[in-house]
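Okay, structure first, notes after.
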Amino acid sequence: MSAIPSNLPLRNDLIGEEPYGAPQLDVPVCLNVNENPYAPNPDVCDDIARRVRDIAPTLNRYPDREHIALRRAFSDYLAKESDTRLAVDQLWAANGSNEIMLQIFQAFGGPGRKALGFAPTYSMYPEYARDTFTQWVTVPRNDDFTLNIERAVAAIGEVRPSIVLVTSPNNPTGTPLSMDETTQLLEACEQASVDGAADGVHPILVVDEAYVEFRTPGVPSAVTLIDKHPNIAVSRTMSKAFAFAGARVGYVAANKGIIDSLRIVRMPYHLSAVTQAAALAALEHTDEQLSTVAHLRQTREQTAAWLAQQTYKGAALTVAHSESNFVYFGVFDDRDFIFRSLLERGVLIRDVGPDGWLRVCMGTDDEMARFREAFSEVLRLAESR
Ligand SMILES: Cc1ncc(COP(=O)(O)O)c(C=O)c1O
């Protein structure tokens with residue numbers, strides 16, 4: 001609980017609010033924030049340290065505000081990873097995709113504007129909306145967490161949002177969005193108007209691809225749609241598959257008009273020279289940084305299959321189809337008990353989204369073995385309650 005004295009002039013709408021964040025607990029097995037559990041290898045660490053050492057004598061100066069070298073490196077990365085070559089002015093980076101998303105809300109949201117999302121989804125979205133005085137509107141997903149595309153398309157016309165925000169694969173459920181669905185959303189945006197904006201203005205579609213590298217190989221990314229559609233922005237991050245969460249680097253791919261809009265609201269020199277140097281070094285080692293992704297995909301498939309074989313109070317567990325590095329499973333009539341009992345055994349997972357569901361992020365082989373052992377014990381305990 002935060003203790004903010006009541007005589008401080010905190011914004012009225014923030015009174016009683018708590019800072020957002022998954023618990024950071026000192027436990028042996030942390031499977032709660034969807035990181036890549038495998039550390040960068042020692043050669044990559046040496047190169048990061050070398051790059052940072054190289055720029056240290058320039059730290060009396062402000063960094064490159066436009067971070068051109070880094071945007072060029074993301075262009076190369078997407079050419080390789082998603083088979084799409086974008087220009088430097090179609091790319092933009094920030095301190096995590098959290099900051100990218102906040103900049104999107106700052107530029108395109110605001111008083112009188114609405115953002116539309118599809119619940120359950122990433123729990124930070126309502127916070128970006130709150131912080132920018134944007135109204136957050138959600139349309140429920142289907143029972144299996146896929147998008148109800150007819151309902152989504154209809155809502156774009158009815159709600160008249162300035163931002164339509166869809167996550168693929170979705171967090172916390174792992175659900176992917178097909179290219180066909182993405183195109184339908186985009187076409188609906190291109191037809192729709194925007195409350196609080198002039199005639200002829202259309203919503204932008206933001207596709208949050210934080211976990212996209214974990215998708216089935218060969219499936220296209222939404223970045224392939226950028227050249228044909230001026231109103232799409234694809235948010236990405238180095239925090240997940242790329243094993244670089246501690247450095248705080250996210251980026252967005254979109255047409256120049258969208259990038260230029262973000263440049264209006266960004267803080268001057270928002271991306272430090274140290275961050276830029278570290279990210280450039282890591283991107284030079286893309287193959288090494290992504291070398292564990294195939295194994296994590298395999299771990300996900302094995303974990304999902306194992307969970308589907310477990311029973312809770314006589315019924316088989318339901319496991320949501322995931323294309324990400326986590327698995328969403330349930331349904332528990334007392335998920336708090338399962339969550340706490342796992343924690344007592346040194347395994348931290350996440351209790352987010354609809355009641356009864358839990359999310360476990362893929363760890364190392366050893367961590368997953370400990371998860372399975374603890375979870376089996378907890379299920380037996382639940383049975384005897
Ligand atoms: C769907 C989604 N988007 C964005 C983020 C933010 O990631 P970062 O700010 O580390 O890039 C997360 C983090 O968990 C996420 O799950």
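Chain identifiers are assigned as A, B, and so on, following the order in which chains appear in the structure tokens; residues are numbered from 1 within each chain, and ligands are numbered from 1 in order of appearance.
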
TODO: Would you mind writing down, as a list in words, each residue of range 13-76 of chain A that DSSP on the backbone assigns to helix (DSSP H, G or I)?
DONE: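 Taking range 13-76 of chain A and keeping helix (DSSP H, G or I) gives Asp13, Leu14, Pro42, Asp43, Val44, Cys45, Asp46, Asp47, Ile48, Ala49, Arg50, Arg51, Val52, Arg53, Asp54, Ile55, Ala56, Pro57, Thr58, Ile68, Ala69, Leu70, Arg71, Arg72, Ala73, Phe74, Ser75 and Asp76 of chain A.
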
Open item on the list: Show me which residues are within 9 Å of ligand 1 counting only C-alpha atoms and all ligand atoms, and format the list as a ChimeraX atom specification.
Closed with: /A:33-35,94-101,121-125,167-172,208-211,235-240,244-251

Got time to write the residues from that selection, N, CA and C atoms, as a compact mmCIF listing (two decimals), in the first residue's frame?
# COMPACT_ATOMS: atom_id res chain seq x y z
N VAL A 33 6.77 -12.77 -15.07
CA VAL A 33 6.75 -11.54 -15.89
C VAL A 33 7.19 -11.77 -17.34
N ASN A 34 7.12 -13.02 -17.78
CA ASN A 34 7.28 -13.33 -19.21
C ASN A 34 8.63 -12.92 -19.80
N GLU A 35 9.67 -13.00 -18.95
CA GLU A 35 11.02 -12.73 -19.47
C GLU A 35 11.55 -13.98 -20.18
N ALA A 94 12.06 3.46 -27.80
CA ALA A 94 11.86 4.14 -26.51
C ALA A 94 12.24 3.16 -25.39
N ASN A 95 12.08 3.65 -24.15
CA ASN A 95 12.45 2.83 -22.98
C ASN A 95 11.39 1.76 -22.71
N GLY A 96 11.47 0.67 -23.46
CA GLY A 96 10.46 -0.38 -23.34
C GLY A 96 9.26 -0.04 -24.21
N SER A 97 8.50 -1.09 -24.57
CA SER A 97 7.30 -0.79 -25.37
C SER A 97 6.25 -0.13 -24.49
N ASN A 98 6.41 -0.19 -23.17
CA ASN A 98 5.55 0.61 -22.28
C ASN A 98 5.63 2.09 -22.65
N GLU A 99 6.86 2.57 -22.87
CA GLU A 99 6.99 3.99 -23.21
C GLU A 99 6.46 4.28 -24.62
N ILE A 100 6.71 3.33 -25.54
CA ILE A 100 6.16 3.47 -26.90
C ILE A 100 4.64 3.67 -26.81
N MET A 101 4.01 2.79 -26.03
CA MET A 101 2.55 2.81 -25.95
C MET A 101 2.06 4.10 -25.29
N THR A 121 -6.98 -8.63 -21.63
CA THR A 121 -5.74 -8.29 -22.33
C THR A 121 -4.75 -7.66 -21.35
N TYR A 122 -3.68 -7.09 -21.85
CA TYR A 122 -2.58 -6.60 -21.01
C TYR A 122 -3.07 -5.52 -20.04
N SER A 123 -2.76 -5.72 -18.76
CA SER A 123 -3.37 -4.86 -17.74
C SER A 123 -2.80 -3.44 -17.68
N MET A 124 -1.75 -3.14 -18.45
CA MET A 124 -1.24 -1.76 -18.47
C MET A 124 -2.07 -0.84 -19.36
N TYR A 125 -2.83 -1.41 -20.31
CA TYR A 125 -3.53 -0.53 -21.26
C TYR A 125 -4.44 0.50 -20.58
N THR A 167 -3.55 -7.11 -29.22
CA THR A 167 -2.28 -7.71 -28.80
C THR A 167 -2.14 -9.08 -29.45
N SER A 168 -1.03 -9.30 -30.13
CA SER A 168 -0.86 -10.58 -30.82
C SER A 168 0.59 -11.04 -30.75
N PRO A 169 0.85 -12.16 -30.05
CA PRO A 169 -0.07 -12.92 -29.22
C PRO A 169 -0.53 -12.11 -28.01
N ASN A 170 -1.76 -12.41 -27.57
CA ASN A 170 -2.34 -11.64 -26.48
C ASN A 170 -1.73 -12.04 -25.13
N ASN A 171 -1.64 -11.08 -24.24
CA ASN A 171 -1.27 -11.31 -22.85
C ASN A 171 -2.50 -11.01 -22.00
N PRO A 172 -2.97 -11.87 -21.12
CA PRO A 172 -2.30 -13.05 -20.56
C PRO A 172 -2.65 -14.37 -21.24
N ASP A 208 0.11 -4.78 -30.77
CA ASP A 208 1.19 -4.97 -29.79
C ASP A 208 1.77 -6.37 -29.99
N GLU A 209 2.95 -6.42 -30.59
CA GLU A 209 3.59 -7.71 -30.88
C GLU A 209 4.75 -7.98 -29.92
N ALA A 210 4.53 -7.72 -28.63
CA ALA A 210 5.61 -7.91 -27.65
C ALA A 210 6.18 -9.34 -27.68
N TYR A 211 5.31 -10.32 -27.99
CA TYR A 211 5.74 -11.73 -27.90
C TYR A 211 5.84 -12.40 -29.27
N SER A 235 3.87 -2.38 -32.41
CA SER A 235 4.77 -2.17 -31.27
C SER A 235 5.52 -3.47 -30.97
N ARG A 236 6.80 -3.36 -30.71
CA ARG A 236 7.65 -4.53 -30.46
C ARG A 236 8.54 -4.24 -29.24
N THR A 237 9.22 -5.24 -28.76
CA THR A 237 10.11 -5.04 -27.61
C THR A 237 11.31 -5.98 -27.67
N MET A 238 12.39 -5.56 -27.02
CA MET A 238 13.54 -6.45 -26.85
C MET A 238 13.45 -7.19 -25.50
N SER A 239 12.35 -6.96 -24.75
CA SER A 239 12.26 -7.49 -23.38
C SER A 239 11.94 -8.97 -23.29
N LYS A 240 11.37 -9.54 -24.33
CA LYS A 240 10.83 -10.89 -24.20
C LYS A 240 11.76 -11.89 -24.89
N PHE A 244 16.32 -9.16 -23.17
CA PHE A 244 16.98 -7.88 -22.90
C PHE A 244 16.08 -6.97 -22.04
N ALA A 245 15.25 -7.60 -21.18
CA ALA A 245 14.26 -6.82 -20.43
C ALA A 245 14.91 -5.76 -19.55
N GLY A 246 16.07 -6.07 -18.97
CA GLY A 246 16.72 -5.14 -18.05
C GLY A 246 17.20 -3.87 -18.72
N ALA A 247 17.40 -3.91 -20.03
CA ALA A 247 17.92 -2.72 -20.73
C ALA A 247 16.81 -1.72 -21.05
N ARG A 248 15.57 -2.16 -21.07
CA ARG A 248 14.40 -1.32 -21.36
C ARG A 248 14.47 -0.73 -22.76
N VAL A 249 14.22 -1.58 -23.75
CA VAL A 249 14.20 -1.10 -25.14
C VAL A 249 12.98 -1.67 -25.86
N GLY A 250 12.11 -0.78 -26.30
CA GLY A 250 10.97 -1.17 -27.15
C GLY A 250 11.02 -0.34 -28.42
N TYR A 251 10.26 -0.72 -29.41
CA TYR A 251 10.27 0.06 -30.66
C TYR A 251 8.94 -0.11 -31.36

Task: Pick from A:Val319, A:Val293, A:Ile338, A:Ile264 nearest to Ala241 in chain A, counting only C-alpha atoms - done: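 Of all the options, A:Val293 lies closest to Ala241 in chain A.
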
TODO: Find the residues around Val206 in chain A up to 8 Å (only C-alpha atoms counted), leave out those fewer than 3 positions away in its own chain, and share them as a VMD selection string.
DONE: chain A and resid 163 to 166 232 to 235

Task: Shell around Arg85 in chain A at 10 Å using only C-alpha atoms, local window under 2 positions removed, as a list in words - done: Phe74, Ser75, Asp76, Tyr77, Leu78, Ala79, Lys80, Ser82, Asp83, Ala87, Val88, Gln90, Val223, Thr224 and Asp227 of chain A

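Here the DSSP assignment of strand (DSSP E), based on backbone atoms, applies within range 95-170 of chain A to Lys114, Ala115, Leu116, Gly117, Phe118, Ala119, Gln135, Trp136, Val137, Thr138, Val139, Pro140, Ile163, Val164, Leu165, Val166 and Thr167 of chain A.
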